[in-house]
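*Asks:* Pasting in a structure now, in structure tokens, and then I'll have a few things to ask.
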Amino acid sequence: MSELGGPSVAGVPPPRLALSHITKSFGGIRALRDVSFDIKAGEIHALLGENGAGKSTLVKIVSGLYTPDAGEMRLDGEPCRFLSPMEARRAGVIAVYQDPKLFPHLDVAENIFMGVHPLTGLGTIDRRRMYETARALLADLDAQLEPTMLVAGLSIGEIQFVEFARAMAEGNARLIFLDEPTAALTPAETARLFRIVRRLRERGTAIVFISHRLEELEGLVDTVTVLRDGEHVASRPAAELDEAAVMRLMVGRSVEQLYPRDGRPVPAAPGRERLRVDNLGQRGVFEGISFSLHAGEIVAMAGLVGAGRSEIAHTLFGVTPPTAGRVFLDAAEVRVSNPRQMLELGLAYLPEDRDGEGLIPALSIVRNLVLPIMGRLSRLGLVRPAREWEIGAKFASDLQIKAASLEQAVATFRAATVRRSSSASGSP
Ligand SMILES: Nc1ncnc2c1ncn2[C@@H]1O[C@H](COP(=O)(O)OP(=O)(O)O)[C@@H](O)[C@H]1O
Ligand SMILES: [Mg+2]
């Protein structure tokens, strides 16, 4: 048995959650290996790691969505293993995901109390009490939401607050996991979330923030745990760590190796001009766009959602050819007309909506990888499987795609992993 999470010794309370030797595999992939660490009551604990490190799997195990293959968990010193999220929730263990799945056609109060409705003496749902309690919970969370609003009309940020209120509904929250909650929030919503989290900490609740950056949790966190490739790397007081140290733990290499010179990215000496865009326009969408891109250079296109960034990319890639302006590739003017032409000229495009635009979920990983060059791989309309396999395997290894088999359909693959492979191939 481990030294962690034993029963209370001489007045020291046991940790809120003690994990010992947690292991979990999916097919051939080991998502977690022998993970042991503690989370204390009344602390804000950051769980950090690169995409695919096993963070979400750990949350799902603790909150009753998955069962571990091996290992033990103790909640306030008592052994526990929840067989469903509902069971975990009754014990005060709650996970809030990035895009909570609520019932869109029900209102806010009905969603908050789904499965745990307050009942009247006659055993029917006590609707009056339900709406009153919902109103109080939402006020407590500073959420500007009415209990009678339909969930269908809410933003992702607002939906997270409903999910949060759900977490609080039974008033016994002991341990709350927030899985990358800030990704979809505006700065104001993030500030509000941090306020709520601090208030919960004062009440003794343990909060685990999942993220892949410590920086965004500045000033909020008491303890930091880092996972790498399914293994526990460290649990330390946040005050002892800075972003560079966390990076080092997360990637297992020094930041200097990744970004020489003080951990700061070194600007590449720009090479020759590869792309020049001159006064590009798309009637009714954007106009007057000019910039150039040099070899070895990463250019960021900043702007608010809806500012037209994706539209500019669509136009440059030939999805919606330009109605004005000129495009030069290696100093030669190109009349952009369709994506096939741009692919042949050496452009690649990773769309924002990878399920909708980038991938064909029903096809295998290898087929998705070689899809853009299918024309070159086939002879007389027939695909050459050996060649397809050879190229697919090379990409899979270059991009560090973790899968049991490349024959696996992309649909069975986790979103995080798909994203990992796309970002590895060069989106900034
Ligand atoms: N349901 C699943 N089926 C197959 N593989 C999975 C599943 N869930 C997670 N994985 C794999 O386990 C590893 C850890 O994933 P995950 O816990 O989502 O990491 P993180 O949340 O840190 O990004 C990844 O390689 C991922 O592809
Ligand atoms: Mg995750």
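Each chain in the structure tokens gets a letter, A, B, ..., in the order shown, and its residues are numbered from 1; ligands are numbered from 1 in order too.
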Which residues form the shell of 8 Å around ligand 2 when you count only C-alpha atoms and all ligand atoms, given as number ranges by chain?
*Replies:* A: 51-52, 54-57, 179-180, 210, 416
*Asks:* Which residues in range 263-350 of chain A does DSSP call strand (DSSP E or B)? List them as a PDB file with N, CA and C atoms, in the first residue's frame.
*Replies:*
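Saved file result.pdb follows:
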```pdb
ATOM      1  N   GLU A 273      11.285  36.228 -49.477  1.00  0.00           N
ATOM      2  CA  GLU A 273       9.834  36.344 -49.441  1.00  0.00           C
ATOM      3  C   GLU A 273       9.191  35.171 -50.178  1.00  0.00           C
ATOM      4  N   ARG A 274       8.311  34.432 -49.497  1.00  0.00           N
ATOM      5  CA  ARG A 274       7.621  33.306 -50.130  1.00  0.00           C
ATOM      6  C   ARG A 274       6.239  33.715 -50.613  1.00  0.00           C
ATOM      7  N   LEU A 275       5.552  34.490 -49.778  1.00  0.00           N
ATOM      8  CA  LEU A 275       4.178  34.860 -50.123  1.00  0.00           C
ATOM      9  C   LEU A 275       4.011  36.365 -50.005  1.00  0.00           C
ATOM     10  N   ARG A 276       3.400  36.987 -50.981  1.00  0.00           N
ATOM     11  CA  ARG A 276       3.041  38.398 -50.844  1.00  0.00           C
ATOM     12  C   ARG A 276       1.594  38.583 -51.256  1.00  0.00           C
ATOM     13  N   VAL A 277       0.855  39.279 -50.426  1.00  0.00           N
ATOM     14  CA  VAL A 277      -0.554  39.513 -50.674  1.00  0.00           C
ATOM     15  C   VAL A 277      -0.731  41.009 -50.797  1.00  0.00           C
ATOM     16  N   ASP A 278      -1.310  41.442 -51.906  1.00  0.00           N
ATOM     17  CA  ASP A 278      -1.373  42.854 -52.212  1.00  0.00           C
ATOM     18  C   ASP A 278      -2.829  43.280 -52.393  1.00  0.00           C
ATOM     19  N   ASN A 279      -3.331  44.053 -51.418  1.00  0.00           N
ATOM     20  CA  ASN A 279      -4.689  44.597 -51.540  1.00  0.00           C
ATOM     21  C   ASN A 279      -5.773  43.548 -51.783  1.00  0.00           C
ATOM     22  N   LEU A 280      -5.640  42.423 -51.139  1.00  0.00           N
ATOM     23  CA  LEU A 280      -6.575  41.315 -51.357  1.00  0.00           C
ATOM     24  C   LEU A 280      -7.980  41.691 -50.872  1.00  0.00           C
ATOM     25  N   GLY A 281      -8.965  41.276 -51.635  1.00  0.00           N
ATOM     26  CA  GLY A 281     -10.340  41.572 -51.234  1.00  0.00           C
ATOM     27  C   GLY A 281     -11.285  40.444 -51.614  1.00  0.00           C
ATOM     28  N   GLN A 282     -12.377  40.385 -50.865  1.00  0.00           N
ATOM     29  CA  GLN A 282     -13.428  39.398 -51.125  1.00  0.00           C
ATOM     30  C   GLN A 282     -14.712  40.208 -50.975  1.00  0.00           C
ATOM     31  N   PHE A 286     -14.081  41.185 -46.903  1.00  0.00           N
ATOM     32  CA  PHE A 286     -12.933  41.967 -46.439  1.00  0.00           C
ATOM     33  C   PHE A 286     -12.319  42.667 -47.646  1.00  0.00           C
ATOM     34  N   GLU A 287     -11.464  43.675 -47.353  1.00  0.00           N
ATOM     35  CA  GLU A 287     -10.816  44.377 -48.472  1.00  0.00           C
ATOM     36  C   GLU A 287      -9.491  44.972 -48.016  1.00  0.00           C
ATOM     37  N   GLY A 288      -8.625  45.249 -48.996  1.00  0.00           N
ATOM     38  CA  GLY A 288      -7.383  45.970 -48.728  1.00  0.00           C
ATOM     39  C   GLY A 288      -6.419  45.226 -47.828  1.00  0.00           C
ATOM     40  N   ILE A 289      -6.340  43.897 -47.951  1.00  0.00           N
ATOM     41  CA  ILE A 289      -5.429  43.122 -47.108  1.00  0.00           C
ATOM     42  C   ILE A 289      -4.081  42.959 -47.817  1.00  0.00           C
ATOM     43  N   SER A 290      -3.000  43.462 -47.172  1.00  0.00           N
ATOM     44  CA  SER A 290      -1.659  43.332 -47.746  1.00  0.00           C
ATOM     45  C   SER A 290      -0.693  42.871 -46.665  1.00  0.00           C
ATOM     46  N   PHE A 291       0.087  41.857 -46.965  1.00  0.00           N
ATOM     47  CA  PHE A 291       1.157  41.448 -46.053  1.00  0.00           C
ATOM     48  C   PHE A 291       2.092  40.521 -46.807  1.00  0.00           C
ATOM     49  N   SER A 292       3.266  40.254 -46.201  1.00  0.00           N
ATOM     50  CA  SER A 292       4.119  39.266 -46.849  1.00  0.00           C
ATOM     51  C   SER A 292       4.677  38.321 -45.804  1.00  0.00           C
ATOM     52  N   LEU A 293       5.080  37.158 -46.280  1.00  0.00           N
ATOM     53  CA  LEU A 293       5.522  36.075 -45.406  1.00  0.00           C
ATOM     54  C   LEU A 293       6.845  35.558 -45.966  1.00  0.00           C
ATOM     55  N   HIS A 294       7.869  35.490 -45.083  1.00  0.00           N
ATOM     56  CA  HIS A 294       9.191  35.054 -45.531  1.00  0.00           C
ATOM     57  C   HIS A 294       9.484  33.627 -45.093  1.00  0.00           C
ATOM     58  N   ALA A 324     -10.595  40.748 -55.523  1.00  0.00           N
ATOM     59  CA  ALA A 324      -9.704  41.888 -55.760  1.00  0.00           C
ATOM     60  C   ALA A 324      -8.319  41.566 -55.234  1.00  0.00           C
ATOM     61  N   GLY A 325      -7.323  42.271 -55.758  1.00  0.00           N
ATOM     62  CA  GLY A 325      -5.966  42.156 -55.245  1.00  0.00           C
ATOM     63  C   GLY A 325      -5.138  41.111 -55.960  1.00  0.00           C
ATOM     64  N   ARG A 326      -3.861  41.015 -55.543  1.00  0.00           N
ATOM     65  CA  ARG A 326      -2.943  40.098 -56.206  1.00  0.00           C
ATOM     66  C   ARG A 326      -2.200  39.256 -55.184  1.00  0.00           C
ATOM     67  N   VAL A 327      -1.854  38.031 -55.593  1.00  0.00           N
ATOM     68  CA  VAL A 327      -1.141  37.103 -54.713  1.00  0.00           C
ATOM     69  C   VAL A 327       0.118  36.626 -55.436  1.00  0.00           C
ATOM     70  N   PHE A 328       1.262  36.691 -54.734  1.00  0.00           N
ATOM     71  CA  PHE A 328       2.519  36.233 -55.330  1.00  0.00           C
ATOM     72  C   PHE A 328       3.124  35.120 -54.489  1.00  0.00           C
ATOM     73  N   LEU A 329       3.498  34.038 -55.149  1.00  0.00           N
ATOM     74  CA  LEU A 329       4.195  32.950 -54.467  1.00  0.00           C
ATOM     75  C   LEU A 329       5.597  32.888 -55.052  1.00  0.00           C
ATOM     76  N   ALA A 332       6.243  34.975 -58.082  1.00  0.00           N
ATOM     77  CA  ALA A 332       5.458  34.784 -59.306  1.00  0.00           C
ATOM     78  C   ALA A 332       3.985  34.986 -58.981  1.00  0.00           C
ATOM     79  N   GLU A 333       3.309  35.764 -59.786  1.00  0.00           N
ATOM     80  CA  GLU A 333       1.897  36.012 -59.516  1.00  0.00           C
ATOM     81  C   GLU A 333       1.062  34.749 -59.749  1.00  0.00           C
ATOM     82  N   VAL A 334       0.114  34.517 -58.839  1.00  0.00           N
ATOM     83  CA  VAL A 334      -0.748  33.340 -58.929  1.00  0.00           C
ATOM     84  C   VAL A 334      -2.192  33.804 -59.012  1.00  0.00           C
TER      85      VAL A 334
END
```
*Asks:* Can you pull out every residue from range 34-206 of chain A that DSSP, working from the backbone, puts in alpha helix (DSSP H), and format the result as a VMD selection string?
*Replies:* chain A and resid 55 to 62 85 to 90 108 to 112 127 to 140 156 to 168 187 to 202
*Asks:* If you keep C-alpha atoms, can you produce a file of those selected residues as a CSV table (one decimal), in the first residue's frame?
*Replies:*
```csv
chain,number,residue,atom,x,y,z
A,55,LYS,CA,-5.2,15.1,-17.7
A,56,SER,CA,-8.8,14.6,-18.9
A,57,THR,CA,-8.5,10.8,-18.4
A,58,LEU,CA,-7.6,11.4,-14.8
A,59,VAL,CA,-10.6,13.7,-14.3
A,60,LYS,CA,-12.9,11.2,-15.8
A,61,ILE,CA,-11.6,8.5,-13.6
A,62,VAL,CA,-12.1,10.4,-10.4
A,85,PRO,CA,-20.8,10.7,-12.6
A,86,MET,CA,-24.1,10.8,-10.7
A,87,GLU,CA,-22.6,8.7,-7.9
A,88,ALA,CA,-19.6,10.9,-7.8
A,89,ARG,CA,-21.7,14.0,-7.7
A,90,ARG,CA,-23.7,12.7,-4.7
A,108,VAL,CA,-31.5,27.0,-16.8
A,109,ALA,CA,-33.1,25.8,-13.5
A,110,GLU,CA,-34.2,22.5,-15.0
A,111,ASN,CA,-30.7,21.9,-16.2
A,112,ILE,CA,-29.2,22.8,-12.8
A,127,ARG,CA,-40.8,23.6,-9.0
A,128,ARG,CA,-41.2,26.7,-6.8
A,129,ARG,CA,-38.3,25.6,-4.6
A,130,MET,CA,-36.3,24.6,-7.7
A,131,TYR,CA,-36.6,28.1,-9.2
A,132,GLU,CA,-35.9,29.9,-5.9
A,133,THR,CA,-32.8,27.8,-5.3
A,134,ALA,CA,-31.6,28.2,-8.8
A,135,ARG,CA,-32.0,32.0,-8.5
A,136,ALA,CA,-30.0,32.0,-5.3
A,137,LEU,CA,-27.2,29.8,-6.7
A,138,LEU,CA,-26.9,32.0,-9.8
A,139,ALA,CA,-26.7,35.1,-7.7
A,140,ASP,CA,-24.1,33.5,-5.5
A,156,ILE,CA,-20.5,28.6,-24.0
A,157,GLY,CA,-19.3,30.8,-21.2
A,158,GLU,CA,-22.8,31.1,-19.8
A,159,ILE,CA,-23.3,27.3,-20.2
A,160,GLN,CA,-20.3,26.8,-18.1
A,161,PHE,CA,-21.8,28.9,-15.3
A,162,VAL,CA,-25.0,26.8,-15.5
A,163,GLU,CA,-22.8,23.7,-15.2
A,164,PHE,CA,-21.1,25.4,-12.3
A,165,ALA,CA,-24.4,26.0,-10.6
A,166,ARG,CA,-25.2,22.4,-11.2
A,167,ALA,CA,-22.0,21.5,-9.4
A,168,MET,CA,-23.2,23.6,-6.4
A,187,PRO,CA,-11.5,37.9,-20.1
A,188,ALA,CA,-14.4,39.2,-18.0
A,189,GLU,CA,-15.9,35.7,-17.7
A,190,THR,CA,-12.5,34.4,-16.7
A,191,ALA,CA,-12.1,37.0,-14.0
A,192,ARG,CA,-15.6,36.1,-12.6
A,193,LEU,CA,-14.7,32.4,-12.7
A,194,PHE,CA,-11.5,33.1,-10.7
A,195,ARG,CA,-13.5,35.1,-8.1
A,196,ILE,CA,-15.9,32.2,-7.7
A,197,VAL,CA,-13.1,29.7,-7.4
A,198,ARG,CA,-11.4,31.7,-4.6
A,199,ARG,CA,-14.7,31.9,-2.8
A,200,LEU,CA,-15.1,28.1,-3.0
A,201,ARG,CA,-11.6,27.7,-1.7
A,202,GLU,CA,-12.5,29.7,1.4
```
*Asks:* Return the single residue from A:Glu297, A:Glu50, A:Asp69, A:Glu243 that is closest to ligand 1, with distances computed using only C-alpha atoms and all ligand atoms.
*Replies:*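 Ranking A:Glu297, A:Glu50, A:Asp69, A:Glu243 by distance to ligand 1, first place goes to A:Glu50.
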